[in-house]
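K.L.:
Below is a structure I'd like to ask you about.
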Amino acid sequence: MYLLSDAGQKAAWNSIKDLIHGKTLYFSHGFSIVFKDKTGVIPPNDCDVIMVAPKGSGTTVRSLFLEGRGINSSVAVFQDWSGKAEERAYATGIAIGSGYLYPTTFERETYSDLTGERGTLMGCIQGIFKAQFEVLISNGHTPSEAFNETVEEATQSLYPLIGKNGMDWMYNNCSITARRGALDWMDKFYSATKPVFEELYESVRNGTEDENTLIANSKPDYRENLSKELKELRESQLWQTAVTVRSLRPENQKVENN
C-alpha cells in the first residue's frame with residue numbers, strides 16, 4: 001500500500017520502486033500515476049497496479065469502519081500483470097470496509113477528486129460560507145445569528161437530510177417559504193458558479209493543479225506555511241464564532257445532577 005501524500009509519493013518513489021516486482025502496488029488516489037511525468041512514479045511491468053479510493057478523509061474511513069458502517073470507494077486497475085488485479089482491488093475495497101464499490105479509471109478518479117476537493121467539498125463551500133456570513137454581518141446581524149443561518153443549520157439540520165434522501169426531500173421537509181426561495185434562487189447560483197467549475201476542471205486537466213500541489217507540498221517549510229494558512233482560517237471571525245456556537249450545542253453542555 002502506497003499511502004503517502006502525493007508529494008510524499010514522489011519523494012519516496014526511488015526508495016521503494018525496486019521492492020514491488022511480482023507484487024501488487026495499491027494506491028488510494030490516482031494522482032501519482034496520472035501525473036507520472038511530474039511525479040516520476042512509473043511502476044515496473046511485472047506487478048499489478050490497483051486503486052481503491054475512499055470517498056472521504058482517512059479520519060472518516062476509520063471512524064465509519066469502527067462503527068461497523070463503511071464509506072463508498074471507487075475501484076480501478078492500471079496494470080493487470082497477474083490476471084487477478086481486479087479481483088485483488090475489490091477484495092481490498094471490502095477489507096477496508098467500503099460501503100459499496102464502483103468502477104472508475106485512475107484518470108477519472110484523479111480529475112473528479114481534485115475538482116471536488118477544490119469545489120463543493122472544501123474550497124467552494126468555505127468561499128460561500130464566508131461570503132454569506134460577511135454579508136449578514138455587514139447588514140447588522142450578530143456573529144451568532146450569521147453563523148447559525150450560514151453554517152450551523154446547514155451542517156446540523158439540512159445536509160443530513162440531503163444525505164438521507166436527496167435534495168428534493170430536504171426541500172420538502174423545510175418551510176414553504178424556504179422551499180420557494182431555494183427554488184427561485186438555485187438557478188442564479190448555478191449560473192454564477194458553473195463558469196468557475198469549468199475553469200477549475202480545466203486547471204485540473206491541464207496540469208496546473210498537480211503542479212501547484214507538488215511545488216507547495218514539496219517545500220521544506222510547507223508545514224509551517226500550512227499552519228499559518230490554517231491559523232488564519234481558524235482565527236477568522238466566522239470560525240471563532242463556530243467555537244462558541246458548538247460549545248452551546250446541547251450535547252456539549254454539562255448537566256449537573258442534584
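Letters A, B, ... mark the chains of the C-alpha cells in the order given; residue numbers begin at 1 per chain; ligand numbers begin at 1, in order shown.
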As an MDAnalysis selection string, list the residues of range 206-238 of chain A assigned to alpha helix (DSSP H) by DSSP on the backbone atoms of this structure.

P.N.:
chainID A and resid 208:218 222:234 237:238

K.L.:
Take the residues from that selection and write them out as a CSV table (one decimal), in the first residue's frame, keeping N, CA, C and O atoms.

P.N.:
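Below is the file out39.csv, written as the result:
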chain,number,residue,atom,x,y,z
A,208,THR,N,-2.2,22.2,-14.1
A,208,THR,CA,-1.9,23.4,-13.2
A,208,THR,C,-2.0,23.0,-11.8
A,208,THR,O,-1.2,23.3,-11.0
A,209,GLU,N,-3.1,22.3,-11.5
A,209,GLU,CA,-3.4,21.9,-10.1
A,209,GLU,C,-2.3,20.9,-9.5
A,209,GLU,O,-1.9,21.1,-8.4
A,210,ASP,N,-2.0,19.9,-10.3
A,210,ASP,CA,-1.0,19.0,-9.8
A,210,ASP,C,0.4,19.6,-9.6
A,210,ASP,O,1.1,19.4,-8.7
A,211,GLU,N,0.7,20.5,-10.5
A,211,GLU,CA,2.0,21.2,-10.4
A,211,GLU,C,2.0,22.1,-9.2
A,211,GLU,O,3.0,22.1,-8.4
A,212,ASN,N,0.9,22.9,-8.9
A,212,ASN,CA,0.8,23.7,-7.7
A,212,ASN,C,0.9,22.9,-6.5
A,212,ASN,O,1.6,23.3,-5.5
A,213,THR,N,0.3,21.7,-6.5
A,213,THR,CA,0.3,20.8,-5.3
A,213,THR,C,1.7,20.3,-5.0
A,213,THR,O,2.1,20.4,-3.9
A,214,LEU,N,2.3,19.8,-6.0
A,214,LEU,CA,3.7,19.3,-5.8
A,214,LEU,C,4.7,20.3,-5.4
A,214,LEU,O,5.5,20.1,-4.5
A,215,ILE,N,4.6,21.5,-6.0
A,215,ILE,CA,5.5,22.6,-5.6
A,215,ILE,C,5.3,23.0,-4.2
A,215,ILE,O,6.3,23.1,-3.4
A,216,ALA,N,4.1,23.3,-3.8
A,216,ALA,CA,3.8,23.8,-2.5
A,216,ALA,C,4.1,22.8,-1.4
A,216,ALA,O,4.7,23.1,-0.4
A,217,ASN,N,3.7,21.5,-1.7
A,217,ASN,CA,3.9,20.5,-0.7
A,217,ASN,C,5.2,19.8,-0.6
A,217,ASN,O,5.5,18.9,0.2
A,218,SER,N,6.1,20.2,-1.5
A,218,SER,CA,7.5,19.6,-1.5
A,218,SER,C,8.5,20.6,-0.9
A,218,SER,O,9.6,20.3,-0.7
A,222,TYR,N,6.9,23.6,4.1
A,222,TYR,CA,5.4,23.6,3.8
A,222,TYR,C,4.5,23.4,5.0
A,222,TYR,O,3.4,24.0,5.1
A,223,ARG,N,5.0,22.7,6.0
A,223,ARG,CA,4.2,22.5,7.2
A,223,ARG,C,4.0,23.9,8.0
A,223,ARG,O,2.9,24.2,8.4
A,224,GLU,N,5.1,24.6,8.0
A,224,GLU,CA,5.0,26.0,8.6
A,224,GLU,C,4.0,26.9,7.9
A,224,GLU,O,3.2,27.6,8.5
A,225,ASN,N,4.1,26.8,6.5
A,225,ASN,CA,3.3,27.6,5.7
A,225,ASN,C,1.8,27.2,5.8
A,225,ASN,O,0.9,28.0,5.9
A,226,LEU,N,1.6,25.9,5.9
A,226,LEU,CA,0.2,25.4,6.0
A,226,LEU,C,-0.3,25.8,7.4
A,226,LEU,O,-1.5,26.2,7.5
A,227,SER,N,0.5,25.7,8.4
A,227,SER,CA,0.0,26.1,9.7
A,227,SER,C,-0.4,27.5,9.8
A,227,SER,O,-1.4,27.9,10.4
A,228,LYS,N,0.3,28.4,9.1
A,228,LYS,CA,-0.1,29.8,9.0
A,228,LYS,C,-1.4,30.0,8.3
A,228,LYS,O,-2.3,30.8,8.8
A,229,GLU,N,-1.6,29.3,7.2
A,229,GLU,CA,-2.8,29.4,6.4
A,229,GLU,C,-4.0,28.9,7.3
A,229,GLU,O,-5.1,29.5,7.3
A,230,LEU,N,-3.8,27.8,7.9
A,230,LEU,CA,-4.9,27.2,8.7
A,230,LEU,C,-5.2,28.1,10.0
A,230,LEU,O,-6.4,28.2,10.4
A,231,LYS,N,-4.2,28.6,10.5
A,231,LYS,CA,-4.3,29.5,11.7
A,231,LYS,C,-5.2,30.7,11.3
A,231,LYS,O,-6.1,31.2,12.0
A,232,GLU,N,-4.9,31.3,10.1
A,232,GLU,CA,-5.7,32.4,9.6
A,232,GLU,C,-7.1,32.1,9.5
A,232,GLU,O,-8.0,32.8,9.8
A,233,LEU,N,-7.4,30.9,8.9
A,233,LEU,CA,-8.7,30.4,8.8
A,233,LEU,C,-9.4,30.2,10.1
A,233,LEU,O,-10.5,30.6,10.4
A,234,ARG,N,-8.7,29.5,11.0
A,234,ARG,CA,-9.2,29.2,12.3
A,234,ARG,C,-9.5,30.4,13.2
A,234,ARG,O,-10.5,30.5,13.9
A,237,GLN,N,-13.3,35.5,12.0
A,237,GLN,CA,-14.5,35.7,12.8
A,237,GLN,C,-15.5,34.6,12.6
A,237,GLN,O,-16.2,34.1,13.5
A,238,LEU,N,-15.6,34.1,11.4
A,238,LEU,CA,-16.5,33.0,11.1
A,238,LEU,C,-16.2,31.8,11.9
A,238,LEU,O,-17.2,31.3,12.6

K.L.:
Write out as a ChimeraX atom specification the set of residues from range 24-157 of chain A that DSSP, computed on the backbone, places in strand (DSSP E or B).

P.N.:
/A:24-27,48-54,73-79,101-103

K.L.:
Determine, using only C-alpha atoms, which residues of range 133-229 of chain A have any atom at most 12 Å from an atom of range 108-128 of chain A, and tabulate each with its shortest atom pair and distance in Å to one decimal place, rows ordered by chain and then rising number, as a Markdown table.

P.N.:
| residue | atom | partner | partner_atom | distance |
| --- | --- | --- | --- | --- |
| A:Phe133 | CA | A:Ile128 | CA | 8.4 |
| A:Glu134 | CA | A:Ile128 | CA | 9.8 |
| A:Val135 | CA | A:Ile128 | CA | 10.6 |
| A:Thr150 | CA | A:Ile128 | CA | 8.9 |
| A:Val151 | CA | A:Gln126 | CA | 9.8 |
| A:Ala154 | CA | A:Ile125 | CA | 11.1 |
| A:Thr155 | CA | A:Ile125 | CA | 11.4 |
| A:Phe189 | CA | A:Ile128 | CA | 10.5 |
| A:Ala192 | CA | A:Ile128 | CA | 11.8 |
| A:Thr193 | CA | A:Cys124 | CA | 9.3 |
| A:Lys194 | CA | A:Gly119 | CA | 10.7 |
| A:Val196 | CA | A:Gly119 | CA | 9.1 |
| A:Phe197 | CA | A:Gly119 | CA | 7.1 |
| A:Glu198 | CA | A:Thr115 | CA | 9.6 |
| A:Glu199 | CA | A:Thr115 | CA | 10.1 |
| A:Leu200 | CA | A:Thr115 | CA | 6.6 |
| A:Tyr201 | CA | A:Thr115 | CA | 6.0 |
| A:Glu202 | CA | A:Thr115 | CA | 9.4 |
| A:Ser203 | CA | A:Thr115 | CA | 9.0 |
| A:Val204 | CA | A:Tyr111 | CA | 6.2 |
| A:Arg205 | CA | A:Tyr111 | CA | 6.8 |
| A:Asn206 | CA | A:Tyr111 | CA | 10.3 |
| A:Gly207 | CA | A:Tyr111 | CA | 10.0 |
| A:Thr208 | CA | A:Leu114 | CA | 11.2 |
| A:Glu209 | CA | A:Leu114 | CA | 7.9 |
| A:Asp210 | CA | A:Leu114 | CA | 8.7 |
| A:Asn212 | CA | A:Leu114 | CA | 11.9 |
| A:Thr213 | CA | A:Leu114 | CA | 10.3 |

K.L.:
For range 10-20 of chain A, please output as an mmCIF file with N, CA, C and O atoms, in the first residue's frame all residues within 9 Å (counting only C-alpha atoms; exclusion window: fewer than 3 positions along the same chain).

P.N.:
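Full text of part30.cif as output:
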data_model
loop_
_atom_site.group_PDB
_atom_site.id
_atom_site.type_symbol
_atom_site.label_atom_id
_atom_site.label_comp_id
_atom_site.auth_asym_id
_atom_site.auth_seq_id
_atom_site.Cartn_x
_atom_site.Cartn_y
_atom_site.Cartn_z
ATOM 1 N N LEU A 4 1.378 7.371 1.143
ATOM 2 C CA LEU A 4 1.946 8.673 1.454
ATOM 3 C C LEU A 4 1.148 9.765 0.742
ATOM 4 O O LEU A 4 0.345 9.487 -0.149
ATOM 5 N N SER A 5 1.380 11.020 1.124
ATOM 6 C CA SER A 5 0.780 12.132 0.385
ATOM 7 C C SER A 5 1.296 12.100 -1.050
ATOM 8 O O SER A 5 2.283 11.420 -1.369
ATOM 9 N N ASP A 6 0.651 12.835 -1.925
ATOM 10 C CA ASP A 6 1.081 12.851 -3.325
ATOM 11 C C ASP A 6 2.524 13.333 -3.446
ATOM 12 O O ASP A 6 3.331 12.745 -4.177
ATOM 13 N N ALA A 7 2.856 14.401 -2.737
ATOM 14 C CA ALA A 7 4.240 14.892 -2.758
ATOM 15 C C ALA A 7 5.174 13.890 -2.109
ATOM 16 O O ALA A 7 6.320 13.695 -2.553
ATOM 17 N N LYS A 23 4.651 -8.109 -7.286
ATOM 18 C CA LYS A 23 3.710 -7.851 -6.206
ATOM 19 C C LYS A 23 2.553 -6.976 -6.702
ATOM 20 O O LYS A 23 2.443 -6.673 -7.886
ATOM 21 N N THR A 24 1.703 -6.571 -5.771
ATOM 22 C CA THR A 24 0.593 -5.668 -6.079
ATOM 23 C C THR A 24 0.870 -4.315 -5.442
ATOM 24 O O THR A 24 1.112 -4.230 -4.234
ATOM 25 N N LEU A 25 0.833 -3.272 -6.250
ATOM 26 C CA LEU A 25 1.030 -1.911 -5.762
ATOM 27 C C LEU A 25 -0.340 -1.255 -5.640
ATOM 28 O O LEU A 25 -1.057 -1.104 -6.626
ATOM 29 N N SER A 32 -0.459 10.141 -8.494
ATOM 30 C CA SER A 32 0.935 9.863 -8.868
ATOM 31 C C SER A 32 1.061 9.152 -10.202
ATOM 32 O O SER A 32 2.023 9.372 -10.945
ATOM 33 N N LYS A 36 2.379 11.070 -13.799
ATOM 34 C CA LYS A 36 3.676 10.403 -13.644
ATOM 35 C C LYS A 36 4.822 11.159 -14.296
ATOM 36 O O LYS A 36 5.992 10.993 -13.909
ATOM 37 N N LYS A 38 5.402 14.153 -13.886
ATOM 38 C CA LYS A 38 5.900 15.094 -12.882
ATOM 39 C C LYS A 38 6.276 14.409 -11.576
ATOM 40 O O LYS A 38 7.131 14.903 -10.844
ATOM 41 N N THR A 39 5.633 13.275 -11.275
ATOM 42 C CA THR A 39 5.954 12.577 -10.026
ATOM 43 C C THR A 39 7.071 11.561 -10.211
ATOM 44 O O THR A 39 7.751 11.211 -9.245
ATOM 45 N N GLY A 40 7.248 11.078 -11.440
ATOM 46 C CA GLY A 40 8.254 10.044 -11.679
ATOM 47 C C GLY A 40 7.823 8.666 -11.233
ATOM 48 O O GLY A 40 8.617 7.724 -11.245
ATOM 49 N N VAL A 41 6.553 8.516 -10.825
ATOM 50 C CA VAL A 41 6.056 7.224 -10.343
ATOM 51 C C VAL A 41 5.616 6.385 -11.540
ATOM 52 O O VAL A 41 4.497 6.524 -12.047
ATOM 53 N N ILE A 42 6.528 5.522 -11.997
ATOM 54 C CA ILE A 42 6.279 4.648 -13.138
ATOM 55 C C ILE A 42 6.551 3.219 -12.696
ATOM 56 O O ILE A 42 7.707 2.802 -12.573
ATOM 57 N N PRO A 43 5.512 2.437 -12.412
ATOM 58 C CA PRO A 43 5.692 1.082 -11.896
ATOM 59 C C PRO A 43 6.358 0.168 -12.929
ATOM 60 O O PRO A 43 6.186 0.360 -14.142
ATOM 61 N N PRO A 44 7.097 -0.837 -12.469
ATOM 62 C CA PRO A 44 7.669 -1.829 -13.396
ATOM 63 C C PRO A 44 6.551 -2.632 -14.038
ATOM 64 O O PRO A 44 5.412 -2.662 -13.536
ATOM 65 N N ASP A 46 6.196 -5.849 -14.249
ATOM 66 C CA ASP A 46 5.880 -7.128 -13.620
ATOM 67 C C ASP A 46 5.224 -6.958 -12.244
ATOM 68 O O ASP A 46 5.641 -7.571 -11.254
ATOM 69 N N CYS A 47 4.187 -6.140 -12.184
ATOM 70 C CA CYS A 47 3.424 -6.006 -10.943
ATOM 71 C C CYS A 47 2.010 -5.546 -11.284
ATOM 72 O O CYS A 47 1.773 -4.966 -12.340
ATOM 73 N N LEU A 214 2.349 19.832 -6.040
ATOM 74 C CA LEU A 214 3.679 19.268 -5.833
ATOM 75 C C LEU A 214 4.690 20.326 -5.408
ATOM 76 O O LEU A 214 5.529 20.090 -4.531
ATOM 77 N N SER A 218 6.094 20.189 -1.529
ATOM 78 C CA SER A 218 7.454 19.650 -1.525
ATOM 79 C C SER A 218 8.461 20.609 -0.896
ATOM 80 O O SER A 218 9.631 20.261 -0.727
#

K.L.:
For Arg62 in chain A, work out the shell of residues within 9 Å, counting only C-alpha atoms and skipping chain neighbours fewer than 6 positions away, then give it as JSON, numbers by chain.

P.N.:
{"A": [70, 96, 97]}

K.L.:
With distances taken over only C-alpha atoms, which of A:Glu251, A:Trp81, A:Arg246, A:Leu101 is nearest to Phe147 in chain A?

P.N.:
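Of the candidates, the smallest distance to Phe147 in chain A is held by A:Arg246.
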
K.L.:
When you draw a straight line from CA of Leu66 in chain A to CA of Trp169 in chain A, how long is it in Å?

P.N.:
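A separation of 29.2 Å between them.
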
K.L.:
To one decimal in Å, tell me the separation between CA of Tyr171 in chain A and CA of Ala146 in chain A.

P.N.:
21.1 Å

K.L.:
Using Å and a single decimal, report how far CA of Glu149 in chain A sits from CA of Ser236 in chain A.

P.N.:
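Spanning CA of Ser236 in chain A to CA of Glu149 in chain A is a straight-line distance of 17.2 Å.
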
K.L.:
Select, from A:Lys84, A:His21, A:His141, A:Lys55, the residue with the minimum atom-to-atom distance to Ile71 in chain A, counting only C-alpha atoms.

P.N.:
A:Lys55

K.L.:
Within 8 Å of Tyr2 in chain A, counting only C-alpha atoms, which residues show up once you throw out same-chain ones fewer than 5 positions away? Write them as a list of chain:residue names, please.

P.N.:
A:Gln9, A:Leu25, A:Tyr26, A:Phe27, A:Ser28

K.L.:
Show which residues sit within 9 Å of Ser144 in chain A, as a list in words. Count only C-alpha atoms, and ignore same-chain residues fewer than 6 positions away.

P.N.:
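Near Ser144 in chain A, the qualifying residues are Thr241, Ala242, Thr244 and Val245 of chain A.
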